[in-house]
>>> print(open('final03.cif').read())   # mmCIF, C-alpha atoms and all ligand atoms
data_work
#
loop_
_atom_site.label_atom_id
_atom_site.label_comp_id
_atom_site.auth_asym_id
_atom_site.auth_seq_id
_atom_site.Cartn_x
_atom_site.Cartn_y
_atom_site.Cartn_z
CA MET O 32 -26.43 34.28 6.55
CA ILE O 33 -23.90 37.00 5.76
CA LYS O 34 -22.22 36.59 2.38
CA GLU O 35 -18.67 37.88 2.47
CA GLN O 36 -17.06 37.30 -0.86
CA ALA O 37 -13.86 39.25 -0.33
CA ILE O 38 -10.97 36.89 0.35
CA LEU O 39 -9.57 37.14 3.89
CA GLU O 40 -6.07 35.94 4.78
CA TYR O 41 -4.41 33.93 7.53
CA LEU O 42 -0.89 33.28 6.29
CA ASP O 43 1.25 33.54 9.43
CA PRO O 44 0.26 30.69 11.80
CA LYS O 45 2.65 30.07 14.69
CA TYR O 46 2.57 26.29 14.07
CA LEU O 47 2.09 24.32 10.90
CA TYR O 48 1.27 20.60 10.65
CA VAL O 49 2.74 18.65 7.76
CA PRO O 50 1.49 15.08 7.13
CA VAL O 51 4.14 12.40 6.49
CA LYS O 52 4.06 8.62 5.96
CA PHE O 53 6.76 8.20 8.62
CA ASN O 54 9.12 10.56 10.39
CA ASP O 55 12.50 10.94 8.73
CA TYR O 56 13.48 14.12 10.60
CA LYS O 57 15.30 14.65 13.90
CA LEU O 58 13.63 17.01 16.36
CA ASN O 59 14.83 20.63 16.12
CA THR O 60 15.77 20.21 12.44
CA ASN O 61 15.46 23.49 10.55
CA ILE O 62 13.38 23.33 7.40
CA TYR O 63 12.83 25.99 4.75
CA LYS O 64 9.85 27.31 2.91
CA LEU O 65 9.29 25.36 -0.34
CA GLU O 66 11.78 22.65 0.68
CA LYS O 67 10.47 19.25 -0.48
CA VAL O 68 8.89 17.25 2.37
CA LYS O 69 10.43 13.78 2.77
CA ASN O 70 7.87 10.95 2.84
CA ASN O 71 5.10 13.44 2.15
CA THR O 72 1.48 12.42 1.85
CA ASN O 73 -0.73 15.42 1.18
CA ILE O 74 1.60 18.42 1.35
CA ASN O 75 4.65 18.19 -0.92
CA TYR O 76 6.58 21.33 0.06
CA PHE O 77 6.96 23.03 3.44
CA PRO O 78 4.75 26.15 3.39
CA ILE O 79 6.88 28.00 5.98
CA SER O 80 10.44 28.09 7.32
CA GLY O 81 11.03 27.01 10.90
CA LYS O 82 11.97 24.17 13.21
CA ILE O 83 10.39 20.72 13.59
CA ILE O 84 9.57 20.68 17.29
CA LYS O 85 7.55 17.46 17.60
CA THR O 86 5.39 14.88 15.85
CA ILE O 87 1.74 14.26 16.56
CA TYR O 88 -1.04 11.92 15.43
CA LEU O 89 -4.36 13.53 14.38
CA ILE O 90 -7.40 12.44 12.38
CA ASP O 91 -7.18 13.26 8.67
CA THR O 92 -10.01 14.08 6.24
CA LYS O 93 -10.74 10.36 5.72
CA ASN O 94 -11.18 9.92 9.47
CA GLN O 95 -7.88 7.98 9.59
CA LYS O 96 -5.05 8.40 12.08
CA GLN O 97 -2.25 10.41 10.42
CA LEU O 98 1.27 11.39 11.54
CA TYR O 99 2.14 15.11 11.33
CA LEU O 100 5.41 17.02 11.76
CA VAL O 101 4.77 20.12 13.88
CA VAL O 102 6.77 23.09 12.57
CA LEU O 103 7.36 26.21 14.68
CA ASN O 104 7.26 29.21 12.32
CA ASN O 105 10.37 31.41 12.49
CA TYR O 106 8.64 34.00 10.27
CA LYS O 107 11.73 34.20 8.06
CA GLU O 108 10.68 33.77 4.48
CA ILE O 109 13.87 31.95 3.45
CA ILE O 110 13.05 30.01 0.31
CA LYS O 111 14.76 26.81 -0.86
CA TYR O 112 13.31 25.85 -4.21
CA GLN O 113 15.13 25.01 -7.40
CA LYS O 114 12.81 23.01 -9.63
CA LYS O 115 11.52 24.96 -12.63
CA TYR O 116 7.76 25.07 -12.93
CA GLU O 117 6.43 23.91 -16.29
CA LEU O 118 2.87 23.88 -17.57
CA SER O 119 1.68 20.30 -18.03
CA THR O 120 0.41 19.53 -21.52
CA THR O 121 -2.91 18.02 -22.51
CA LYS O 122 -4.37 16.52 -25.67
CA LEU O 123 -7.89 17.81 -25.08
CA LYS O 124 -9.96 19.22 -27.93
CA TYR O 125 -12.14 21.31 -25.63
CA LEU O 126 -11.48 22.61 -22.15
CA ILE O 127 -14.52 22.50 -19.89
CA ILE O 128 -14.14 24.35 -16.63
CA ASN O 129 -16.47 23.85 -13.70
CA ALA O 130 -17.17 27.06 -11.77
CA TYR O 131 -20.49 25.81 -10.46
CA ASP O 132 -21.03 25.77 -6.68
CA LEU O 133 -23.26 22.73 -6.30
CA GLU O 134 -24.65 23.37 -2.84
CA PRO O 135 -26.62 26.49 -1.94
CA PHE O 136 -24.32 28.03 0.68
CA ILE O 137 -20.97 27.10 -0.82
CA THR O 138 -19.22 30.02 -2.51
CA ASN O 139 -15.71 28.76 -3.46
CA SER O 140 -16.13 29.06 -7.21
CA SER O 141 -18.15 32.27 -7.29
CA THR O 142 -15.60 33.89 -4.96
CA LEU O 143 -12.77 32.98 -7.32
CA ILE O 144 -14.74 34.28 -10.31
CA LYS O 145 -15.62 37.46 -8.48
CA ASN O 146 -12.08 38.22 -7.35
CA TYR O 147 -9.96 36.81 -10.19
CA ALA O 148 -12.11 36.86 -13.38
CA GLN O 149 -9.45 38.48 -15.51
CA GLU O 150 -6.59 36.31 -14.23
CA LEU O 151 -8.64 33.12 -14.68
CA LEU O 152 -9.56 34.02 -18.27
CA GLU O 153 -5.93 34.85 -19.07
CA THR O 154 -4.81 31.51 -17.65
CA ILE O 155 -7.45 29.57 -19.62
CA ASP O 156 -6.40 31.42 -22.77
CA TYR O 157 -2.73 30.59 -22.09
CA ILE O 158 -3.47 26.89 -21.50
CA MET O 159 -5.50 26.84 -24.75
CA GLU O 160 -2.73 28.48 -26.74
CA LYS O 161 0.00 26.18 -25.38
CA ASN O 162 -2.07 23.07 -26.06
CA ASN O 163 -3.66 24.15 -29.30
CA ILE O 164 -7.17 23.91 -27.82
CA LYS O 165 -9.70 25.71 -30.00
CA GLN O 166 -12.64 26.16 -27.62
CA SER O 167 -13.31 26.37 -23.90
CA TYR O 168 -16.50 26.47 -21.85
CA ILE O 169 -16.89 27.77 -18.31
CA MET O 170 -19.85 26.20 -16.50
CA LEU O 171 -21.26 28.65 -13.96
CA LYS O 172 -24.47 29.88 -12.40
CA ASP O 173 -26.36 32.74 -14.03
CA LYS O 174 -25.82 34.94 -10.97
CA ASP O 175 -22.02 34.68 -11.37
CA LYS O 176 -21.94 35.72 -15.03
CA LYS O 177 -21.87 39.39 -14.07
CA TYR O 178 -18.37 39.00 -12.59
CA ILE O 179 -16.90 37.72 -15.84
CA ASN O 180 -19.01 39.47 -18.49
CA ASN O 181 -16.83 42.59 -18.49
CA TYR O 182 -13.78 40.62 -19.60
CA ILE O 183 -15.11 37.71 -21.64
CA GLY O 184 -15.41 39.77 -24.89
CA THR O 185 -11.62 39.72 -25.27
CA TYR O 186 -11.66 35.92 -25.42
CA PRO O 187 -14.00 34.84 -28.27
CA ASN O 188 -12.98 31.18 -27.87
CA ILE O 189 -14.09 31.02 -24.24
CA LYS O 190 -17.86 30.66 -23.77
CA LEU O 191 -20.00 30.74 -20.65
CA THR O 192 -22.66 28.11 -20.10
CA THR O 193 -25.15 27.19 -17.39
CA LEU O 194 -25.29 23.60 -18.70
CA THR O 195 -23.25 21.05 -16.76
CA TYR O 196 -20.88 18.57 -18.38
CA LYS O 197 -18.99 15.58 -17.07
CA ASN O 198 -15.20 15.45 -17.37
CA SER O 199 -14.64 19.06 -16.48
CA ILE O 200 -11.73 20.53 -14.57
CA SER O 201 -12.41 22.76 -11.63
CA ILE O 202 -11.96 26.53 -11.61
CA LYS O 203 -9.83 25.97 -8.50
CA ASP O 204 -7.30 24.07 -10.65
CA ILE O 205 -7.22 26.99 -13.09
CA TYR O 206 -6.61 29.36 -10.18
CA ASN O 207 -3.75 27.12 -8.93
CA THR O 208 -2.27 27.06 -12.44
CA TYR O 209 -2.49 30.86 -12.50
CA LEU O 210 -0.57 31.05 -9.21
CA GLU O 211 2.05 28.57 -10.39
CA LEU O 212 2.56 30.41 -13.69
CA LYS O 213 2.75 33.77 -11.93
CA TYR O 214 5.08 32.80 -9.10
CA LYS O 215 6.80 29.82 -10.77
CA LYS O 216 6.59 27.92 -7.52
CA PRO O 217 4.45 25.11 -6.12
CA ILE O 218 1.18 25.85 -4.36
CA ILE O 219 1.51 26.23 -0.59
CA THR O 220 -1.71 28.15 0.10
CA LYS O 221 -5.37 27.55 -0.56
CA ILE O 222 -8.69 29.35 -0.21
CA ILE O 223 -11.20 27.61 1.99
CA ASN O 224 -14.85 28.44 2.48
CA ILE O 225 -16.08 28.43 6.12
CA ILE O 226 -19.86 28.41 6.49
CA THR O 227 -21.61 29.02 9.79
CA PRO O 228 -25.25 30.03 10.39
CA LYS O 229 -24.11 33.67 10.45
CA HIS O 230 -21.09 33.89 8.18
CA ASN O 231 -19.79 32.71 4.87
CA LEU O 232 -16.05 33.39 4.80
CA ASN O 233 -13.45 32.67 2.15
CA ILE O 234 -10.00 32.62 3.70
CA LYS O 235 -6.59 32.16 2.10
CA VAL O 236 -4.49 29.96 4.39
CA LYS O 237 -1.18 28.13 4.32
CA LEU O 238 -1.58 24.38 3.72
CA GLY O 239 -0.95 22.66 7.05
CA THR O 240 -2.86 25.23 9.12
CA LEU O 241 -4.77 23.83 12.11
CA LEU O 242 -8.48 24.51 11.63
CA LYS O 243 -8.85 25.34 15.32
CA ASP O 244 -6.29 28.21 14.98
CA LEU O 245 -8.29 29.57 12.06
CA LEU O 246 -11.58 29.41 13.95
CA ILE O 247 -10.02 31.29 16.87
CA LYS O 248 -8.38 33.90 14.62
CA PHE O 249 -11.68 34.78 12.90
CA ASP O 250 -13.76 34.50 16.05
CA ILE O 251 -15.90 31.76 14.51
CA TYR O 252 -16.58 30.00 17.82
CA LYS O 253 -19.01 32.79 18.71
CA ASP O 254 -21.32 31.56 15.90
CA ILE O 255 -21.35 27.93 17.05
CA ASP O 256 -21.46 25.75 20.15
CA GLN O 257 -21.17 22.05 20.94
CA ASN O 258 -24.54 21.44 19.27
CA TYR O 259 -23.00 21.99 15.87
CA LEU O 260 -21.64 19.35 13.55
CA LEU O 261 -18.51 20.12 11.58
CA ILE O 262 -18.75 18.80 8.03
CA ILE O 263 -15.92 18.75 5.54
CA ASN O 264 -16.62 19.75 1.93
CA SER O 265 -20.29 18.87 1.34
CA CYS O 266 -23.57 18.60 3.20
CA ILE O 267 -24.74 16.01 0.68
CA ASN O 268 -21.83 13.59 0.78
CA GLY O 269 -19.20 15.07 3.10
CA ILE O 270 -17.87 13.57 6.32
CA SER O 271 -18.81 14.94 9.74
CA PHE O 272 -16.16 15.32 12.45
CA LYS O 273 -16.32 15.49 16.20
CA THR O 274 -13.08 17.47 16.47
CA ASP O 275 -11.74 20.77 15.14
CA ASN O 276 -8.15 19.48 15.35
CA ILE O 277 -8.18 19.10 11.61
CA ILE O 278 -5.34 20.13 9.33
CA ILE O 279 -6.08 22.06 6.16
CA THR O 280 -4.77 20.03 3.24
CA GLU O 281 -5.35 20.25 -0.50
CA ASP O 282 -8.50 18.08 -0.34
CA ILE O 283 -10.39 20.44 2.00
CA ASN O 284 -12.43 23.12 0.23
CA ASN O 285 -15.32 23.81 2.60
CA ILE O 286 -15.86 23.69 6.34
CA ILE O 287 -19.57 23.67 7.10
CA PHE O 288 -21.14 23.96 10.55
CA ILE O 289 -24.72 22.73 10.83
CA LYS O 290 -26.87 22.38 13.88
CA ASN O 291 -26.91 18.85 15.26
CA ASP O 292 -30.57 19.18 15.98
CA PHE O 293 -32.50 15.94 16.06
CA GLU O 294 -35.66 17.91 16.83
CA LYS O 295 -35.64 18.98 13.21
CA VAL O 296 -37.58 15.84 12.47
CA SER O 297 -40.62 17.70 13.80
CA LYS O 298 -40.43 19.80 10.66
CA CYS O 299 -41.20 16.72 8.57
CA ILE O 300 -44.34 17.23 6.49
CA LYS O 301 -44.59 13.49 5.71
CA CYS O 302 -44.36 14.08 1.97
CA GLY O 303 -42.57 10.76 1.44
CA LYS O 304 -40.08 12.22 -1.05
CA CYS O 305 -37.07 10.83 0.82
CA HIS O 306 -38.50 7.31 0.60
CA GLU O 307 -39.48 7.72 -3.04
CA ILE O 308 -36.00 8.78 -4.12
CA CYS O 309 -33.96 6.34 -2.03
CA PRO O 310 -32.29 3.96 -4.54
CA ILE O 311 -32.30 1.18 -1.93
CA GLY O 312 -35.96 1.66 -0.99
CA LEU O 313 -35.22 2.69 2.61
CA ILE O 314 -37.34 5.03 4.73
CA PRO O 315 -34.81 7.70 5.72
CA LEU O 316 -37.17 9.61 7.99
CA TYR O 317 -37.43 6.65 10.38
CA TYR O 318 -33.68 6.70 11.00
CA ILE O 319 -34.04 10.10 12.65
CA LYS O 320 -37.18 9.15 14.48
CA TYR O 321 -35.52 6.06 15.94
CA ILE O 322 -32.01 7.45 16.23
CA ASN O 323 -31.66 6.22 19.82
CA ASN O 324 -33.32 2.84 19.24
CA LEU O 325 -30.55 0.57 17.97
CA LYS O 326 -32.82 -2.46 17.63
CA LYS O 327 -35.24 -0.53 15.44
CA LEU O 328 -32.42 0.98 13.37
CA LYS O 329 -31.13 -2.52 12.64
CA GLN O 330 -34.64 -3.78 11.79
CA LEU O 331 -34.94 -0.87 9.36
CA SER O 332 -31.71 -2.05 7.62
CA ILE O 333 -29.82 1.17 8.19
CA ASN O 334 -26.60 -0.65 7.25
CA LYS O 335 -27.90 -0.86 3.67
CA CYS O 336 -27.78 2.94 3.27
CA ILE O 337 -25.11 3.79 0.68
CA GLU O 338 -24.91 7.43 1.89
CA CYS O 339 -25.75 8.84 -1.54
CA GLY O 340 -27.40 11.87 0.11
CA LEU O 341 -30.40 11.96 -2.25
CA CYS O 342 -32.85 11.97 0.67
CA SER O 343 -31.30 15.15 2.12
CA PHE O 344 -31.22 16.70 -1.31
CA VAL O 345 -34.94 16.30 -2.01
CA CYS O 346 -36.32 17.00 1.45
CA PRO O 347 -38.55 20.12 1.18
CA SER O 348 -38.13 20.76 4.93
CA LYS O 349 -34.34 20.85 4.53
CA ILE O 350 -33.84 18.14 7.12
CA GLU O 351 -30.22 16.98 6.94
CA LEU O 352 -31.25 13.33 6.77
CA LEU O 353 -27.90 11.98 5.66
CA GLU O 354 -26.04 13.66 8.52
CA HIS O 355 -28.38 12.03 11.00
CA ILE O 356 -28.21 8.70 9.18
CA LYS O 357 -24.40 8.75 9.35
CA ILE O 358 -24.56 9.29 13.09
CA ALA O 359 -27.21 6.59 13.51
CA LYS O 360 -25.12 4.15 11.43
CA GLU O 361 -22.09 4.94 13.56
CA ARG O 362 -24.15 4.23 16.70
CA VAL O 363 -25.29 0.88 15.35
CA LYS O 364 -21.73 0.01 14.32
CA ASN O 365 -20.30 0.89 17.71
CA GLU O 366 -23.42 -0.19 19.67
CA LEU O 367 -23.25 3.07 21.67
S1 LIG Q 401 -28.52 8.44 1.82
FE1 LIG Q 401 -29.18 6.36 2.35
S2 LIG Q 401 -31.30 6.61 3.02
FE2 LIG Q 401 -30.75 8.50 1.91
S3 LIG Q 401 -31.41 8.12 -0.20
FE3 LIG Q 401 -29.25 7.48 -0.09
S4 LIG Q 401 -29.29 5.28 0.39
FE4 LIG Q 401 -31.36 6.11 0.83
S1 LIG Q 402 -38.54 14.28 2.40
FE1 LIG Q 402 -38.29 15.44 4.32
S2 LIG Q 402 -40.35 16.27 4.76
FE2 LIG Q 402 -40.62 14.62 3.22
S3 LIG Q 402 -41.03 12.74 4.43
FE3 LIG Q 402 -38.82 12.80 4.09
S4 LIG Q 402 -38.00 13.86 5.90
FE4 LIG Q 402 -40.20 14.30 5.87
#
>>> encode(input="final03.cif", output="structure tokens")
Amino acid sequence: MIKEQAILEYLDPKYLYVPVKFNDYKLNTNIYKLEKVKNNTNINYFPISGKIIKTIYLIDTKNQKQLYLVVLNNYKEIIKYQKKYELSTTKLKYLIINAYDLEPFITNSSTLIKNYAQELLETIDYIMEKNNIKQSYIMLKDKDKKYINNYIGTYPNIKLTTLTYKNSISIKDIYNTYLELKYKKPIITKIINIITPKHNLNIKVKLGTLLKDLLIKFDIYKDIDQNYLLIINSCINGISFKTDNIIITEDINNIIFIKNDFEKVSKCIKCGKCHEICPIGLIPLYYIKYINNLKKLKQLSINKCIECGLCSFVCPSKIELLEHIKIAKERVKNEL
């Protein structure tokens, strides 16, 4: 896999898709960048200026049908925004920031640290000063310390740690706060991590971008074919999708393509670790073996699987058990 930790950009899509609870706009209405979206769900402000040309239903990140306004970009950066941005206050004694990429290929946090170490530290320091917080900790992997070590000396009250704590805030939120403080405007872009067998790209996009447009723009289809599963956010507990007509909203951080290869089961070394760790006492391996045998899947109580992902996590052969289990469960549910 190629690691590319520079941040690429795709900020001028021709169309943008803005989710709404119901449509309160007439077709051909002109809207302006940073104008508040009426009846918004996941995107609060229009990220571009343009014309609403139609509405469309697509699947959202929860696999639910969602209504979108389709905006044709006029590429005029006319801004309509009046609200003053203010830093929200907190009563925390310590600030614990999570910059730890939990899964091996995901690079969101380390990319932010690598590209914005100084800005992130400044923002943390500012939040601490405004809220009278005496100490902060940044949780990160050892390998990422080198990006921040050059600057950390100036901030004696910010410490680095490889320990992990609950109740932390993500480094992505610190980065968003940095942008809001700098530009005094709401967030209308985000950095997403696209992982294919050959590439690991971090791309800054406008919220509301169609994933398919992004994949075409960066020629990502050449890395994948119809045998790949598209997974949003996490291999361990993310959701897999059968479509790339997905809109980038604030809750999408990672797009992961993995091979939908049921033959992988042949790599099983029969160590039994997946069975040992399963909190329900299931035998995850069998769900792959019998993926096309609905009767057997039912006998093996596949419906009891709580999709915790522990079996995938411990498998020494790196078999994506949970992904296969999700598909098998879906088959049983729909009796395909
Ligand atoms: S994902 Fe399902 S089968 Fe795997 S460990 Fe969790 S409950 Fe067991
Ligand atoms: S943990 Fe992986 S290698 Fe071990 S029995 Fe389960 S599927 Fe096979």
>>> atom_distance(input="final03.cif", atom1="atom CA of Lys326 of chain O", atom2="atom S2 of ligand LIG 401 (chain Q)")
17.3 Å
>>> closest_atom_pairs(input="final03.cif", of="chain O", to="ligand LIG 401 (chain Q)", cutoff="12 Å", atoms="all atoms listed in the file", output="JSON lines")
{"residue": "O:Cys266", "atom": "CA", "partner": "Q:LIG401", "partner_atom": "S1", "distance": 11.4}
{"residue": "O:Ile267", "atom": "CA", "partner": "Q:LIG401", "partner_atom": "S1", "distance": 8.5}
{"residue": "O:Asn268", "atom": "CA", "partner": "Q:LIG401", "partner_atom": "S1", "distance": 8.5}
{"residue": "O:Gly269", "atom": "CA", "partner": "Q:LIG401", "partner_atom": "S1", "distance": 11.5}
{"residue": "O:Gly303", "atom": "CA", "partner": "Q:LIG401", "partner_atom": "S3", "distance": 11.6}
{"residue": "O:Lys304", "atom": "CA", "partner": "Q:LIG401", "partner_atom": "S3", "distance": 9.6}
{"residue": "O:Cys305", "atom": "CA", "partner": "Q:LIG401", "partner_atom": "S3", "distance": 6.4}
{"residue": "O:His306", "atom": "CA", "partner": "Q:LIG401", "partner_atom": "S3", "distance": 7.2}
{"residue": "O:Glu307", "atom": "CA", "partner": "Q:LIG401", "partner_atom": "S3", "distance": 8.6}
{"residue": "O:Ile308", "atom": "CA", "partner": "Q:LIG401", "partner_atom": "S3", "distance": 6.1}
{"residue": "O:Cys309", "atom": "CA", "partner": "Q:LIG401", "partner_atom": "S3", "distance": 3.6}
{"residue": "O:Pro310", "atom": "CA", "partner": "Q:LIG401", "partner_atom": "FE4", "distance": 5.9}
{"residue": "O:Ile311", "atom": "CA", "partner": "Q:LIG401", "partner_atom": "S4", "distance": 5.6}
{"residue": "O:Gly312", "atom": "CA", "partner": "Q:LIG401", "partner_atom": "FE4", "distance": 6.7}
{"residue": "O:Leu313", "atom": "CA", "partner": "Q:LIG401", "partner_atom": "FE4", "distance": 5.5}
{"residue": "O:Ile314", "atom": "CA", "partner": "Q:LIG401", "partner_atom": "S2", "distance": 6.5}
{"residue": "O:Pro315", "atom": "CA", "partner": "Q:LIG401", "partner_atom": "S2", "distance": 4.6}
{"residue": "O:Leu316", "atom": "CA", "partner": "Q:LIG401", "partner_atom": "S2", "distance": 8.3}
{"residue": "O:Tyr317", "atom": "CA", "partner": "Q:LIG401", "partner_atom": "S2", "distance": 9.6}
{"residue": "O:Tyr318", "atom": "CA", "partner": "Q:LIG401", "partner_atom": "S2", "distance": 8.3}
{"residue": "O:Ile319", "atom": "CA", "partner": "Q:LIG401", "partner_atom": "S2", "distance": 10.6}
{"residue": "O:Leu328", "atom": "CA", "partner": "Q:LIG401", "partner_atom": "S2", "distance": 11.8}
{"residue": "O:Leu331", "atom": "CA", "partner": "Q:LIG401", "partner_atom": "S2", "distance": 10.5}
{"residue": "O:Ser332", "atom": "CA", "partner": "Q:LIG401", "partner_atom": "S2", "distance": 9.8}
{"residue": "O:Ile333", "atom": "CA", "partner": "Q:LIG401", "partner_atom": "S2", "distance": 7.6}
{"residue": "O:Asn334", "atom": "CA", "partner": "Q:LIG401", "partner_atom": "FE1", "distance": 8.9}
{"residue": "O:Lys335", "atom": "CA", "partner": "Q:LIG401", "partner_atom": "S4", "distance": 7.1}
{"residue": "O:Cys336", "atom": "CA", "partner": "Q:LIG401", "partner_atom": "FE1", "distance": 3.8}
{"residue": "O:Ile337", "atom": "CA", "partner": "Q:LIG401", "partner_atom": "S4", "distance": 4.4}
{"residue": "O:Glu338", "atom": "CA", "partner": "Q:LIG401", "partner_atom": "S1", "distance": 3.7}
{"residue": "O:Cys339", "atom": "CA", "partner": "Q:LIG401", "partner_atom": "FE3", "distance": 4.0}
{"residue": "O:Gly340", "atom": "CA", "partner": "Q:LIG401", "partner_atom": "S1", "distance": 4.0}
{"residue": "O:Leu341", "atom": "CA", "partner": "Q:LIG401", "partner_atom": "S3", "distance": 4.5}
{"residue": "O:Cys342", "atom": "CA", "partner": "Q:LIG401", "partner_atom": "S3", "distance": 4.2}
{"residue": "O:Ser343", "atom": "CA", "partner": "Q:LIG401", "partner_atom": "FE2", "distance": 6.7}
{"residue": "O:Phe344", "atom": "CA", "partner": "Q:LIG401", "partner_atom": "S3", "distance": 8.7}
{"residue": "O:Val345", "atom": "CA", "partner": "Q:LIG401", "partner_atom": "S3", "distance": 9.1}
{"residue": "O:Cys346", "atom": "CA", "partner": "Q:LIG401", "partner_atom": "FE2", "distance": 10.2}
{"residue": "O:Ile350", "atom": "CA", "partner": "Q:LIG401", "partner_atom": "FE2", "distance": 11.4}
{"residue": "O:Glu351", "atom": "CA", "partner": "Q:LIG401", "partner_atom": "FE2", "distance": 9.9}
{"residue": "O:Leu352", "atom": "CA", "partner": "Q:LIG401", "partner_atom": "FE2", "distance": 6.9}
{"residue": "O:Leu353", "atom": "CA", "partner": "Q:LIG401", "partner_atom": "S1", "distance": 5.3}
{"residue": "O:Glu354", "atom": "CA", "partner": "Q:LIG401", "partner_atom": "S1", "distance": 8.8}
{"residue": "O:His355", "atom": "CA", "partner": "Q:LIG401", "partner_atom": "S1", "distance": 9.9}
{"residue": "O:Ile356", "atom": "CA", "partner": "Q:LIG401", "partner_atom": "S2", "distance": 7.2}
{"residue": "O:Lys357", "atom": "CA", "partner": "Q:LIG401", "partner_atom": "S1", "distance": 8.6}
{"residue": "O:Ile358", "atom": "CA", "partner": "Q:LIG401", "partner_atom": "S1", "distance": 12.0}
{"residue": "O:Ala359", "atom": "CA", "partner": "Q:LIG401", "partner_atom": "S2", "distance": 11.3}
{"residue": "O:Lys360", "atom": "CA", "partner": "Q:LIG401", "partner_atom": "FE1", "distance": 10.2}
>>> residues_near_point(input="final03.cif", point="(-14.1, 18.3, 12.7)", cutoff="12 Å", atoms="all atoms listed in the file", output="PyMOL selection string")
chain O and resi 89-94+241-243+246+257+259-264+269-279+283+285-289
>>> residues_around(input="final03.cif", residues="segment 43-52 of chain O", least_positions_apart="6", cutoff="8 Å", atoms="all atoms listed in the file", output="list of chain:residue names")
O:Val68, O:Lys69, O:Asn70, O:Asn71, O:Thr72, O:Asn73, O:Ile74, O:Phe77, O:Ile79, O:Gln97, O:Leu98, O:Tyr99, O:Leu100, O:Val101, O:Val102, O:Leu103, O:Asn104, O:Tyr106, O:Lys237, O:Gly239, O:Thr240, O:Leu241, O:Asp244, O:Ile278
>>> atom_distance(input="final03.cif", atom1="atom CA of Lys174 of chain O", atom2="atom CA of Asn231 of chain O")
17.1 Å
>>> closest_residue(input="final03.cif", among="O:Ile300, O:Tyr321, O:Lys203, O:Asp256", to="ligand LIG 402 (chain Q)", atoms="only C-alpha atoms and all ligand atoms")
O:Ile300
>>> closest_residue(input="final03.cif", among="O:Lys124, O:Lys349, O:Lys82, O:Lys320", to="ligand LIG 402 (chain Q)", atoms="all atoms listed in the file")
O:Lys349
>>> atom_distance(input="final03.cif", atom1="atom CA of Asn75 of chain O", atom2="atom CA of Thr280 of chain O")
10.5 Å
>>> closest_residue(input="final03.cif", among="O:Lys221, O:Lys115, O:Lys176, O:Lys298", to="ligand LIG 402 (chain Q)", atoms="all atoms listed in the file")
O:Lys298
>>> closest_residue(input="final03.cif", among="O:Ile200, O:Leu232, O:Ile255, O:Ile219", to="Lys67 of chain O", atoms="all atoms listed in the file")
O:Ile219
>>> closest_residue(input="final03.cif", among="O:Cys302, O:Ile84, O:Ile169, O:Ala37", to="ligand LIG 402 (chain Q)", atoms="all atoms listed in the file")
O:Cys302
>>> closest_residue(input="final03.cif", among="O:Lys122, O:Lys85, O:Lys172, O:Lys215", to="Ser141 of chain O", atoms="all atoms listed in the file")
O:Lys172
>>> residues_around(input="final03.cif", residues="Asn139 of chain O", least_positions_apart="5", cutoff="9 Å", atoms="only C-alpha atoms", output="VMD selection string")
chain O and resid 130 to 132 144 203 222 to 224 233 284 to 285
>>> write_last_selection(input="final03.cif", atoms="C-alpha atoms", output="PDB file, in the frame of the given file")
ATOM      1  CA  ALA O 130     -17.170  27.060 -11.770  1.00  0.00           C
ATOM      2  CA  TYR O 131     -20.490  25.810 -10.460  1.00  0.00           C
ATOM      3  CA  ASP O 132     -21.030  25.770  -6.680  1.00  0.00           C
ATOM      4  CA  ILE O 144     -14.740  34.280 -10.310  1.00  0.00           C
ATOM      5  CA  LYS O 203      -9.830  25.970  -8.500  1.00  0.00           C
ATOM      6  CA  ILE O 222      -8.690  29.350  -0.210  1.00  0.00           C
ATOM      7  CA  ILE O 223     -11.200  27.610   1.990  1.00  0.00           C
ATOM      8  CA  ASN O 224     -14.850  28.440   2.480  1.00  0.00           C
ATOM      9  CA  ASN O 233     -13.450  32.670   2.150  1.00  0.00           C
ATOM     10  CA  ASN O 284     -12.430  23.120   0.230  1.00  0.00           C
ATOM     11  CA  ASN O 285     -15.320  23.810   2.600  1.00  0.00           C
TER      12      ASN O 285
END
>>> residues_around(input="final03.cif", residues="Tyr209 of chain O", least_positions_apart="6", cutoff="12 Å", atoms="only C-alpha atoms", output="ChimeraX atom specification")
/O:116-118,143,147-158,202-203,215-218
